[in-house]
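K.L.:
Following this line is entry_24.tsv, made up of TSV, C-alpha atoms:
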chain	number	residue	atom	x	y	z
A	1	MET	CA	0.00	0.00	0.00
A	2	ILE	CA	1.39	3.38	-0.99
A	3	PRO	CA	2.23	5.79	1.89
A	4	SER	CA	0.12	8.90	2.33
A	5	VAL	CA	3.22	10.96	1.41
A	6	LEU	CA	4.28	10.07	-2.13
A	7	PRO	CA	7.51	8.04	-1.70
A	8	THR	CA	9.79	9.99	-4.08
A	9	TYR	CA	12.45	10.56	-1.39
A	10	ASN	CA	14.70	8.12	0.42
A	11	ARG	CA	14.41	9.97	3.72
A	12	ALA	CA	16.86	9.63	6.60
A	13	PRO	CA	15.22	8.13	9.71
A	14	MET	CA	15.07	11.35	11.71
A	15	ALA	CA	12.74	14.30	12.15
A	16	PHE	CA	13.42	17.76	13.55
A	17	GLU	CA	11.17	20.03	15.54
A	18	LYS	CA	13.36	23.08	16.11
A	19	GLY	CA	16.33	24.90	14.61
A	20	GLU	CA	18.79	27.32	16.19
A	21	GLY	CA	21.47	28.90	14.00
A	22	SER	CA	23.64	26.06	12.68
A	23	TRP	CA	21.80	23.40	14.71
A	24	LEU	CA	18.75	21.23	14.22
A	25	ILE	CA	17.06	19.61	17.20
A	26	ALA	CA	15.39	16.23	16.75
A	27	GLN	CA	12.15	15.17	18.36
A	28	ASP	CA	14.10	13.29	21.03
A	29	GLY	CA	16.17	16.41	21.85
A	30	THR	CA	19.35	15.34	20.03
A	31	ARG	CA	21.22	18.28	18.52
A	32	TYR	CA	22.68	17.92	15.02
A	33	LEU	CA	25.22	20.29	13.50
A	34	ASP	CA	23.70	21.19	10.13
A	35	LEU	CA	26.14	21.42	7.22
A	36	GLY	CA	23.30	21.12	4.70
A	37	ALA	CA	21.25	24.21	5.59
A	38	GLY	CA	18.20	22.79	3.86
A	39	ILE	CA	20.36	22.28	0.73
A	40	ALA	CA	21.81	25.81	0.74
A	41	VAL	CA	18.46	27.38	1.68
A	42	ASN	CA	18.92	28.48	5.29
A	43	ALA	CA	21.67	30.95	4.40
A	44	LEU	CA	21.34	32.78	7.73
A	45	GLY	CA	20.82	29.64	9.76
A	46	HIS	CA	17.67	28.46	11.47
A	47	ALA	CA	15.29	30.94	13.12
A	48	HIS	CA	17.49	33.99	12.50
A	49	PRO	CA	16.01	36.78	14.68
A	50	ALA	CA	15.81	39.30	11.83
A	51	LEU	CA	13.94	36.86	9.59
A	52	VAL	CA	11.60	35.79	12.38
A	53	ALA	CA	10.83	39.44	13.12
A	54	ALA	CA	10.21	40.29	9.45
A	55	LEU	CA	7.96	37.29	8.91
A	56	THR	CA	6.02	37.84	12.14
A	57	ALA	CA	5.44	41.53	11.49
A	58	GLN	CA	4.25	40.91	7.93
A	59	ALA	CA	2.10	37.92	8.93
A	60	GLN	CA	0.17	40.15	11.33
A	61	MET	CA	-0.67	42.56	8.50
A	62	LEU	CA	-1.04	40.88	5.11
A	63	TRP	CA	-0.15	37.50	3.61
A	64	HIS	CA	-1.40	37.47	0.03
A	65	THR	CA	-3.07	39.76	-2.46
A	66	SER	CA	-1.97	38.32	-5.86
A	67	ASN	CA	-0.09	40.15	-8.56
A	68	LEU	CA	-3.25	41.86	-9.75
A	69	TYR	CA	-2.16	44.67	-7.43
A	70	HIS	CA	1.03	46.48	-6.53
A	71	ILE	CA	2.97	44.86	-3.67
A	72	PRO	CA	5.24	47.39	-1.92
A	73	ALA	CA	7.57	44.76	-0.40
A	74	GLN	CA	7.99	43.18	-3.84
A	75	GLN	CA	8.95	46.54	-5.34
A	76	GLU	CA	11.42	47.11	-2.50
A	77	LEU	CA	13.05	43.72	-3.03
A	78	ALA	CA	13.23	44.22	-6.79
A	79	ASP	CA	14.88	47.61	-6.26
A	80	ARG	CA	17.44	46.03	-3.91
A	81	LEU	CA	18.30	43.32	-6.43
A	82	VAL	CA	18.56	45.73	-9.34
A	83	ALA	CA	20.79	48.06	-7.30
A	84	ALA	CA	23.10	45.21	-6.29
A	85	THR	CA	23.40	43.34	-9.61
A	86	PHE	CA	23.60	43.58	-13.40
A	87	ALA	CA	19.82	43.37	-13.71
A	88	ASP	CA	17.32	45.97	-14.85
A	89	THR	CA	14.22	44.00	-13.92
A	90	VAL	CA	13.08	41.10	-11.71
A	91	PHE	CA	10.24	38.58	-11.74
A	92	PHE	CA	9.53	36.75	-8.48
A	93	THR	CA	8.79	33.05	-8.26
A	94	ASN	CA	8.40	30.52	-5.44
A	95	SER	CA	11.33	28.28	-6.37
A	96	GLY	CA	14.33	27.71	-8.57
A	97	THR	CA	12.34	25.34	-10.73
A	98	GLU	CA	9.84	28.09	-11.52
A	99	ALA	CA	12.74	30.44	-12.21
A	100	CYS	CA	14.08	27.96	-14.78
A	101	GLU	CA	10.74	27.85	-16.57
A	102	LEU	CA	10.71	31.63	-16.96
A	103	ALA	CA	14.37	31.85	-17.98
A	104	VAL	CA	13.71	29.40	-20.83
A	105	LYS	CA	10.57	31.24	-21.92
A	106	MET	CA	12.29	34.63	-21.70
A	107	ALA	CA	15.22	33.60	-23.90
A	108	ARG	CA	13.03	32.09	-26.60
A	109	LYS	CA	10.55	34.97	-26.54
A	110	TYR	CA	13.37	37.46	-27.00
A	111	PHE	CA	14.39	35.90	-30.30
A	112	HIS	CA	10.80	35.40	-31.42
A	113	ASP	CA	10.07	39.08	-30.97
A	114	ALA	CA	13.38	39.97	-32.63
A	115	GLY	CA	12.17	38.27	-35.80
A	116	GLN	CA	14.28	35.12	-35.36
A	117	PRO	CA	11.72	32.51	-34.26
A	118	ASP	CA	13.92	29.59	-35.34
A	119	ARG	CA	16.49	30.45	-32.66
A	120	THR	CA	15.16	28.24	-29.85
A	121	ASP	CA	18.06	25.97	-28.87
A	122	ILE	CA	19.55	26.40	-25.40
A	123	ILE	CA	23.03	24.96	-24.79
A	124	THR	CA	23.42	23.14	-21.46
A	125	PHE	CA	26.06	20.97	-19.78
A	126	SER	CA	26.51	17.49	-18.37
A	127	GLY	CA	26.17	17.27	-14.61
A	128	SER	CA	23.79	20.21	-14.52
A	129	PHE	CA	20.64	20.46	-12.44
A	130	HIS	CA	17.95	23.03	-13.18
A	131	GLY	CA	14.97	21.68	-11.28
A	132	ARG	CA	12.48	18.90	-11.92
A	133	SER	CA	9.94	20.58	-14.18
A	134	SER	CA	9.59	19.61	-17.84
A	135	ALA	CA	12.00	22.36	-18.89
A	136	GLY	CA	14.39	21.61	-16.00
A	137	ILE	CA	14.83	17.92	-16.72
A	138	ALA	CA	15.05	18.50	-20.46
A	139	ALA	CA	17.77	21.09	-19.84
A	140	ALA	CA	19.80	18.68	-17.68
A	141	GLY	CA	19.21	15.83	-20.07
A	142	SER	CA	20.65	13.00	-17.97
A	143	GLU	CA	18.97	9.60	-18.01
A	144	LYS	CA	18.52	9.78	-14.24
A	145	MET	CA	16.45	12.95	-14.62
A	146	THR	CA	14.54	12.13	-17.81
A	147	LYS	CA	13.91	8.36	-17.96
A	148	GLY	CA	10.19	7.61	-18.15
A	149	PHE	CA	9.12	11.24	-18.54
A	150	GLY	CA	9.09	11.56	-22.31
A	151	PRO	CA	8.38	13.10	-24.67
A	152	LEU	CA	10.84	15.70	-23.45
A	153	LEU	CA	10.60	19.40	-24.13
A	154	PRO	CA	12.76	19.92	-27.24
A	155	GLY	CA	15.26	22.65	-27.90
A	156	PHE	CA	18.18	21.77	-25.62
A	157	VAL	CA	21.68	20.95	-26.86
A	158	HIS	CA	23.70	19.03	-24.29
A	159	MET	CA	27.45	19.54	-24.05
A	160	ASN	CA	29.96	17.51	-22.06
A	161	PHE	CA	31.38	19.60	-19.23
A	162	GLY	CA	34.63	21.04	-20.60
A	163	ASP	CA	34.03	20.24	-24.31
A	164	HIS	CA	35.25	23.56	-25.72
A	165	ASP	CA	35.26	22.55	-29.38
A	166	GLY	CA	31.74	21.16	-29.21
A	167	LEU	CA	30.55	24.27	-27.40
A	168	THR	CA	32.05	26.55	-30.05
A	169	ASP	CA	30.29	24.62	-32.80
A	170	ALA	CA	26.96	24.60	-30.95
A	171	ALA	CA	27.10	28.34	-30.32
A	172	ALA	CA	27.61	28.97	-34.02
A	173	SER	CA	24.41	27.11	-34.95
A	174	PRO	CA	21.73	29.31	-36.56
A	175	THR	CA	19.15	27.79	-34.19
A	176	ALA	CA	21.07	28.57	-30.97
A	177	CYS	CA	19.57	31.20	-28.70
A	178	ALA	CA	21.21	30.87	-25.27
A	179	ILE	CA	23.80	29.20	-23.03
A	180	LEU	CA	22.57	28.00	-19.62
A	181	ILE	CA	25.08	27.07	-16.91
A	182	GLU	CA	25.61	26.96	-13.15
A	183	PRO	CA	28.77	28.92	-12.20
A	184	VAL	CA	29.23	26.21	-9.57
A	185	GLN	CA	27.43	22.94	-10.19
A	186	GLY	CA	25.70	21.80	-7.02
A	187	GLU	CA	23.90	18.52	-7.58
A	188	GLY	CA	26.57	17.66	-10.15
A	189	GLY	CA	29.23	17.39	-7.47
A	190	ILE	CA	30.36	20.92	-6.46
A	191	ARG	CA	32.16	21.66	-9.73
A	192	PRO	CA	33.11	25.33	-10.14
A	193	VAL	CA	33.41	26.72	-13.64
A	194	PRO	CA	36.82	28.47	-13.77
A	195	ASP	CA	36.69	32.26	-14.04
A	196	GLN	CA	38.40	32.21	-17.42
A	197	CYS	CA	35.74	29.81	-18.71
A	198	LEU	CA	32.91	32.05	-17.52
A	199	LYS	CA	34.63	34.95	-19.30
A	200	GLY	CA	34.93	32.76	-22.37
A	201	LEU	CA	31.24	31.95	-22.26
A	202	ARG	CA	30.42	35.65	-22.12
A	203	ASP	CA	32.66	36.31	-25.12
A	204	LEU	CA	31.20	33.34	-27.02
A	205	ALA	CA	27.64	34.46	-26.36
A	206	ASP	CA	28.43	37.99	-27.51
A	207	ALA	CA	30.22	36.75	-30.63
A	208	HIS	CA	27.15	34.81	-31.78
A	209	GLY	CA	24.41	37.04	-30.39
A	210	LEU	CA	23.33	34.50	-27.75
A	211	LEU	CA	21.86	35.19	-24.34
A	212	LEU	CA	23.90	33.98	-21.36
A	213	ILE	CA	21.82	32.48	-18.54
A	214	PHE	CA	23.33	31.72	-15.15
A	215	ASP	CA	21.62	29.36	-12.73
A	216	GLU	CA	22.67	30.68	-9.32
A	217	VAL	CA	19.90	28.95	-7.40
A	218	GLN	CA	22.39	27.06	-5.23
A	219	CYS	CA	25.61	29.06	-5.58
A	220	GLY	CA	24.13	32.55	-5.25
A	221	VAL	CA	23.12	34.89	-2.43
A	222	GLY	CA	26.48	35.08	-0.67
A	223	ARG	CA	27.28	31.36	-0.82
A	224	THR	CA	30.69	31.83	-2.52
A	225	GLY	CA	31.69	35.01	-0.68
A	226	LYS	CA	30.26	37.46	-3.20
A	227	LEU	CA	26.58	38.21	-3.58
A	228	PHE	CA	26.55	36.06	-6.73
A	229	ALA	CA	29.20	33.58	-7.83
A	230	HIS	CA	29.69	34.99	-11.33
A	231	GLU	CA	30.99	38.24	-9.83
A	232	TRP	CA	34.34	36.55	-9.15
A	233	ALA	CA	34.87	36.36	-12.93
A	234	GLY	CA	34.08	40.05	-13.45
A	235	ILE	CA	31.35	39.37	-16.01
A	236	ALA	CA	27.55	39.32	-15.96
A	237	PRO	CA	24.81	37.22	-17.56
A	238	ASP	CA	21.77	38.46	-19.44
A	239	ILE	CA	19.39	36.34	-17.35
A	240	MET	CA	19.93	34.80	-13.91
A	241	MET	CA	17.91	32.29	-11.91
A	242	VAL	CA	17.89	32.78	-8.13
A	243	ALA	CA	16.17	30.95	-5.25
A	244	LYS	CA	17.13	28.97	-2.11
A	245	GLY	CA	19.18	31.43	-0.02
A	246	ILE	CA	17.23	34.52	-1.03
A	247	GLY	CA	14.30	33.42	1.14
A	248	GLY	CA	16.41	32.18	4.03
A	249	GLY	CA	14.02	29.25	4.43
A	250	PHE	CA	10.84	30.84	3.08
A	251	PRO	CA	9.91	29.68	-0.45
A	252	LEU	CA	11.13	32.46	-2.74
A	253	GLY	CA	12.83	32.66	-6.11
A	254	ALA	CA	13.47	35.20	-8.82
A	255	VAL	CA	14.58	35.73	-12.39
A	256	LEU	CA	16.85	38.73	-12.89
A	257	ALA	CA	17.39	40.10	-16.39
A	258	THR	CA	18.67	42.97	-18.46
A	259	GLU	CA	16.13	45.19	-20.18
A	260	MET	CA	17.15	43.73	-23.53
A	261	ALA	CA	16.79	40.07	-22.51
A	262	ALA	CA	13.42	40.71	-20.87
A	263	SER	CA	12.02	42.79	-23.72
A	264	GLY	CA	9.69	40.05	-24.94
A	265	MET	CA	8.04	39.50	-21.56
A	266	THR	CA	5.14	41.93	-21.80
A	267	ALA	CA	1.79	41.92	-19.98
A	268	GLY	CA	0.17	38.48	-20.09
A	269	THR	CA	3.27	36.51	-21.18
A	270	HIS	CA	3.95	35.08	-17.70
A	271	GLY	CA	2.48	35.03	-14.23
A	272	SER	CA	2.51	33.50	-10.75
A	273	THR	CA	-0.26	33.32	-8.18
A	274	TYR	CA	2.04	33.30	-5.16
A	275	GLY	CA	5.28	34.68	-6.60
A	276	GLY	CA	6.44	37.85	-4.87
A	277	ASN	CA	3.77	37.70	-2.17
A	278	PRO	CA	4.05	40.06	0.83
A	279	LEU	CA	5.27	37.33	3.21
A	280	GLY	CA	8.02	36.05	0.97
A	281	CYS	CA	9.25	39.50	-0.01
A	282	ALA	CA	9.30	40.70	3.61
A	283	VAL	CA	11.70	37.85	4.41
A	284	GLY	CA	13.66	38.37	1.19
A	285	ASN	CA	14.24	42.01	2.05
A	286	ALA	CA	15.53	41.05	5.49
A	287	VAL	CA	17.90	38.48	3.93
A	288	MET	CA	19.20	40.96	1.37
A	289	GLN	CA	19.74	43.68	3.95
A	290	ILE	CA	22.07	41.37	5.88
A	291	ILE	CA	23.86	39.54	3.07
A	292	THR	CA	24.63	42.60	0.93
A	293	ASP	CA	26.64	44.13	3.77
A	294	HIS	CA	30.32	44.05	2.77
A	295	SER	CA	31.41	43.06	6.27
A	296	PHE	CA	29.07	40.05	6.17
A	297	LEU	CA	30.52	38.83	2.86
A	298	ALA	CA	34.05	39.42	4.17
A	299	GLU	CA	33.24	37.10	7.07
A	300	VAL	CA	31.90	34.47	4.67
A	301	ASN	CA	35.22	34.58	2.83
A	302	ARG	CA	37.24	34.37	6.02
A	303	LYS	CA	35.23	31.42	7.34
A	304	ALA	CA	35.39	29.73	3.95
A	305	GLY	CA	39.18	29.89	4.09
A	306	LEU	CA	39.19	28.46	7.60
A	307	LEU	CA	36.86	25.60	6.69
A	308	ARG	CA	38.78	24.75	3.53
A	309	GLN	CA	42.08	24.69	5.38
A	310	LYS	CA	40.68	22.30	7.97
A	311	LEU	CA	39.13	20.11	5.28
A	312	GLU	CA	42.46	19.85	3.44
A	313	GLY	CA	43.95	18.57	6.69
A	314	LEU	CA	41.07	16.12	7.03
A	315	VAL	CA	41.71	14.74	3.54
A	316	ALA	CA	45.40	14.35	4.33
A	317	SER	CA	44.53	12.47	7.53
A	318	HIS	CA	42.20	10.02	5.75
A	319	PRO	CA	43.75	9.31	2.32
A	320	ASP	CA	41.79	6.06	2.00
A	321	VAL	CA	38.47	7.81	2.60
A	322	PHE	CA	38.78	11.19	0.87
A	323	ASP	CA	40.34	12.21	-2.41
A	324	SER	CA	40.16	16.01	-2.43
A	325	VAL	CA	38.31	19.20	-1.51
A	326	ARG	CA	36.54	21.21	-4.19
A	327	GLY	CA	34.20	24.17	-4.44
A	328	ALA	CA	34.13	27.87	-3.59
A	329	GLY	CA	33.28	29.88	-0.49
A	330	LEU	CA	30.95	27.98	1.82
A	331	MET	CA	29.88	25.71	-1.03
A	332	LEU	CA	32.41	22.93	-0.64
A	333	GLY	CA	32.55	19.27	-1.52
A	334	LEU	CA	34.56	16.30	-0.35
A	335	LYS	CA	35.37	13.96	-3.24
A	336	CYS	CA	35.30	10.50	-1.65
A	337	LYS	CA	37.14	7.23	-2.27
A	338	VAL	CA	34.55	5.29	-0.27
A	339	SER	CA	30.82	5.67	-0.95
A	340	ASN	CA	29.65	9.21	-0.24
A	341	ALA	CA	26.45	7.69	1.15
A	342	ASP	CA	28.54	5.91	3.77
A	343	ILE	CA	30.12	9.22	4.79
A	344	VAL	CA	26.72	10.89	5.10
A	345	GLN	CA	25.43	7.94	7.13
A	346	ALA	CA	28.50	7.91	9.38
A	347	GLY	CA	27.95	11.62	9.93
A	348	TYR	CA	24.50	10.94	11.33
A	349	ALA	CA	26.12	8.82	14.04
A	350	GLN	CA	28.27	11.86	14.91
A	351	HIS	CA	25.17	14.10	14.92
A	352	LEU	CA	26.35	15.84	11.75
A	353	LEU	CA	24.24	16.54	8.67
A	354	THR	CA	25.75	16.66	5.18
A	355	VAL	CA	24.31	16.30	1.67
A	356	PRO	CA	25.33	13.80	-1.05
A	357	ALA	CA	25.93	14.86	-4.65
A	358	ALA	CA	26.94	13.28	-7.94
A	359	ASP	CA	30.52	12.23	-8.71
A	360	ASN	CA	30.73	10.57	-5.26
A	361	VAL	CA	30.90	13.93	-3.48
A	362	VAL	CA	29.63	14.96	-0.04
A	363	ARG	CA	28.34	18.53	-0.09
A	364	LEU	CA	29.08	20.92	2.76
A	365	LEU	CA	26.66	23.85	2.60
A	366	PRO	CA	26.61	25.32	6.11
A	367	PRO	CA	24.70	28.43	7.10
A	368	LEU	CA	26.75	31.49	6.17
A	369	THR	CA	26.48	32.44	9.84
A	370	ILE	CA	28.36	29.36	11.06
A	371	THR	CA	30.88	30.22	13.78
A	372	ASP	CA	34.58	29.34	13.98
A	373	ASP	CA	33.85	26.99	16.86
A	374	GLU	CA	31.12	25.26	14.87
A	375	ILE	CA	33.51	24.87	11.92
A	376	ALA	CA	36.00	23.19	14.25
A	377	GLN	CA	33.28	20.93	15.64
A	378	ALA	CA	32.10	20.05	12.13
A	379	VAL	CA	35.54	18.94	10.99
A	380	ASP	CA	36.08	16.99	14.21
A	381	ARG	CA	32.83	15.15	13.57
A	382	LEU	CA	33.78	14.48	9.95
A	383	ASP	CA	37.09	13.15	11.24
A	384	ALA	CA	35.27	10.78	13.60
A	385	ALA	CA	32.91	9.72	10.79
A	386	ALA	CA	35.85	8.95	8.49
A	387	ALA	CA	37.66	7.06	11.25
A	388	SER	CA	34.60	4.87	11.77
A	389	LEU	CA	34.88	3.70	8.15
As structure tokens, how would this structure be written, given the file I've shared?

P.N.:
Amino acid sequence: MIPSVLPTYNRAPMAFEKGEGSWLIAQDGTRYLDLGAGIAVNALGHAHPALVAALTAQAQMLWHTSNLYHIPAQQELADRLVAATFADTVFFTNSGTEACELAVKMARKYFHDAGQPDRTDIITFSGSFHGRSSAGIAAAGSEKMTKGFGPLLPGFVHMNFGDHDGLTDAAASPTACAILIEPVQGEGGIRPVPDQCLKGLRDLADAHGLLLIFDEVQCGVGRTGKLFAHEWAGIAPDIMMVAKGIGGGFPLGAVLATEMAASGMTAGTHGSTYGGNPLGCAVGNAVMQIITDHSFLAEVNRKAGLLRQKLEGLVASHPDVFDSVRGAGLMLGLKCKVSNADIVQAGYAQHLLTVPAADNVVRLLPPLTITDDEIAQAVDRLDAAAASL
């Protein structure tokens, strides 16, 4: 008999009833150090006082009106994002998956309205993850994501990660319209795209008149030590997908775009019942106010250096368990020689929460507010987990 909750997850045998900063507290009172942060969602930790205050104050006034009316908190959040990024305009969603749907529509509509309706192909990369909608799985293209869900949405050209010659040929195609990539692959195994490659993608897109789309759902909002990961390369996309950290735990996403890229998205071309609602935008504004502070991002970079240094020592201490450290900022991965699932499981025994990824990697995505002492505790617990194997 099927469970009342559709069994699409292999859930760990634990449940939590409270969160405090970098900690989750189970129903039996056990405290777990959380290096997953809801898969890079709880950027400011659990129950951050500023987010609790913003949500509580807004909840006492107004939850939902729909986008039939102006929403002041939505305008405020859009203004913050435009002021802090390359973007001229923002559309709010509830998730990264919804952001992917709009990014795909926006790119294709741009070329349609520019009198080039045959330019519909979007170039994507192996190991990518762009959500589980029809567009998202078609963009990723892997058998794991797509098997059994055909016919797939057409119009995606899949490149092997690092295939420069194939990418150059695909970009020159008369049907190509955009390049879609994560500056740091998350689900694919914490694989950063080198800065010079991001610059090369910008140059390639410009050379062939393509739109460049960055998926910063997992790597954005301070995760790498800048507000968005692509900033390290000194370039900007035309369209960017954002979610996870921007809501600090409240469902919120966005698509940011230049005026040019968004020019086809006129009244009636897209919508969302809940996207940009007063509750979500109240929390989003509180998150942005904290994370855009230069001193906050400086601390993320300092703590990222500390964690990486300790992880390099951990790898050296357990050469039969770990291969290497990879990633950027507080978006790090441990490439394993044993099964990454075994590492995650061994972590549970040490009251430590981590997240598996492809390429036999364990993801470490702690709250950006993690303390030095908690970093030390986390690595000690990883050390004990590795020793147990």

K.L.:
Show which residues sit within 8 Å of A:Lys109, as a count of residues only. Count only C-alpha atoms, and ignore same-chain residues fewer than 3 positions away.

P.N.:
6

K.L.:
Please return, as a list in words, all polymer residues that have at least one atom within 10 Å of the point (22.2, 18.5, 17.5); use only C-alpha atoms and the file's own coordinate frame.

P.N.:
Phe16, Gly19, Glu20, Ser22, Trp23, Leu24, Ile25, Ala26, Gly29, Thr30, Arg31, Tyr32, Leu33, Asp34, Gln350, His351, Leu352 and Leu353 of chain A

K.L.:
Store the residues of this selection in a file with C-alpha atoms, as a compact mmCIF listing (two decimals), in the coordinates of the input.

P.N.:
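Printed below is result00.txt as written:
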# COMPACT_ATOMS: atom_id res chain seq x y z
CA PHE A 16 13.42 17.76 13.55
CA GLY A 19 16.33 24.90 14.61
CA GLU A 20 18.79 27.32 16.19
CA SER A 22 23.64 26.06 12.68
CA TRP A 23 21.80 23.40 14.71
CA LEU A 24 18.75 21.23 14.22
CA ILE A 25 17.06 19.61 17.20
CA ALA A 26 15.39 16.23 16.75
CA GLY A 29 16.17 16.41 21.85
CA THR A 30 19.35 15.34 20.03
CA ARG A 31 21.22 18.28 18.52
CA TYR A 32 22.68 17.92 15.02
CA LEU A 33 25.22 20.29 13.50
CA ASP A 34 23.70 21.19 10.13
CA GLN A 350 28.27 11.86 14.91
CA HIS A 351 25.17 14.10 14.92
CA LEU A 352 26.35 15.84 11.75
CA LEU A 353 24.24 16.54 8.67

K.L.:
Which residue is closest to A:Ala12? Choose from A:Ile179, A:Gln345, A:Ile137, A:Phe250 and count all atoms listed in the file.

P.N.:
A:Gln345

K.L.:
What is the atom CA of A:Asn277 to atom CA of A:Leu256 distance in Å?

P.N.:
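Atom CA of A:Asn277 sits 16.9 Å away from atom CA of A:Leu256.
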
K.L.:
Atom CA of A:Gly21 and atom CA of A:Ile370, how far apart in Å?

P.N.:
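Between these atoms lies a distance of 7.5 Å.
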
K.L.:
Compile the contact shell of A:Leu227 as a ChimeraX atom specification: residues with an atom at most 8 Å away, counting only C-alpha atoms, same-chain residues fewer than 5 positions apart removed.

P.N.:
/A:220-222,291-292,297

K.L.:
Which is closer to A:Ala286 than all the others in A:Pro366, A:Gly245, A:Phe129, A:Ser324, using only C-alpha atoms?

P.N.:
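Among the listed residues, A:Gly245 lies closest to A:Ala286.
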
K.L.:
Just the residues within 10 Å of A:Ala387, please, counting all atoms listed in the file, with nothing from its chain fewer than 6 positions along; format it as an MDAnalysis selection string.

P.N.:
chainID A and resid 317:318 321 346 381

K.L.:
Would you work out the distance separating atom CA of A:Glu259 from atom CA of A:His158, expressed in Å to one decimal?

P.N.:
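Between atom CA of A:Glu259 and atom CA of A:His158 the gap works out to 27.5 Å.
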
K.L.:
Just want the 12 Å neighbourhood of A:His208, counted on all atoms listed in the file, with same-chain residues fewer than 6 positions away dropped. Output as number ranges by chain.

P.N.:
A: 119, 167-179, 201-202

K.L.:
Please provide as an MDAnalysis selection string all residues within 9 Å of A:Val41, with the sequence filter that same-chain residues fewer than 5 positions apart are discarded (counting all atoms listed in the file).

P.N.:
chainID A and resid 36 218 243:250 365 367

K.L.:
Which residue, A:Asp238, A:Leu364, A:Gln27, A:Tyr69, has the smallest gap to A:Met260 when you use all atoms listed in the file?

P.N.:
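Among A:Asp238, A:Leu364, A:Gln27, A:Tyr69, it is A:Asp238 that comes nearest to A:Met260.
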
K.L.:
Calculated over all atoms listed in the file, which of the candidates A:Leu180, A:Leu311, A:Ala205, A:Thr258 has the smallest distance to A:Gln377?

P.N.:
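Distance minimum relative to A:Gln377 lands on A:Leu311.
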
K.L.:
Calculated over only C-alpha atoms, which of the candidates A:Met159, A:Phe296, A:Gln116, A:Gly333 has the smallest distance to A:Pro192?

P.N.:
A:Gly333

K.L.:
Each residue of stretch 49-164 of chain A lying at most 8 Å from stretch 279-282 of chain A should get a row with its shortest atom-to-atom pair and the distance in Å to one decimal, counting only C-alpha atoms; could you produce that, ordered by chain and increasing number, as JSON lines?

P.N.:
{"residue": "A:Ala54", "atom": "CA", "partner": "A:Ala282", "partner_atom": "CA", "distance": 5.9}
{"residue": "A:Leu55", "atom": "CA", "partner": "A:Leu279", "partner_atom": "CA", "distance": 6.3}
{"residue": "A:Gln58", "atom": "CA", "partner": "A:Leu279", "partner_atom": "CA", "distance": 6.0}
{"residue": "A:Ala59", "atom": "CA", "partner": "A:Leu279", "partner_atom": "CA", "distance": 6.6}
{"residue": "A:Leu62", "atom": "CA", "partner": "A:Leu279", "partner_atom": "CA", "distance": 7.5}
{"residue": "A:Trp63", "atom": "CA", "partner": "A:Leu279", "partner_atom": "CA", "distance": 5.4}
{"residue": "A:His64", "atom": "CA", "partner": "A:Leu279", "partner_atom": "CA", "distance": 7.4}
{"residue": "A:Ala73", "atom": "CA", "partner": "A:Cys281", "partner_atom": "CA", "distance": 5.5}
{"residue": "A:Gln74", "atom": "CA", "partner": "A:Cys281", "partner_atom": "CA", "distance": 5.5}
{"residue": "A:Leu77", "atom": "CA", "partner": "A:Cys281", "partner_atom": "CA", "distance": 6.4}

K.L.:
When you count all atoms listed in the file, which of these residues is closest to A:Gln75: A:Ala328, A:Ala40, A:Lys335, A:Phe92?

P.N.:
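For A:Gln75, the nearest of the given residues is A:Phe92.
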
K.L.:
With 6 Å added on each side, what axis-aligned box encloses every listed atom of stretch 322-326 of chain A? Give the centre and edge lengths in Å to one decimal, as lines of an AutoDock Vina configuration file.

P.N.:
center_x = 38.4
center_y = 16.2
center_z = -1.7
size_x = 15.8
size_y = 22.0
size_z = 17.1
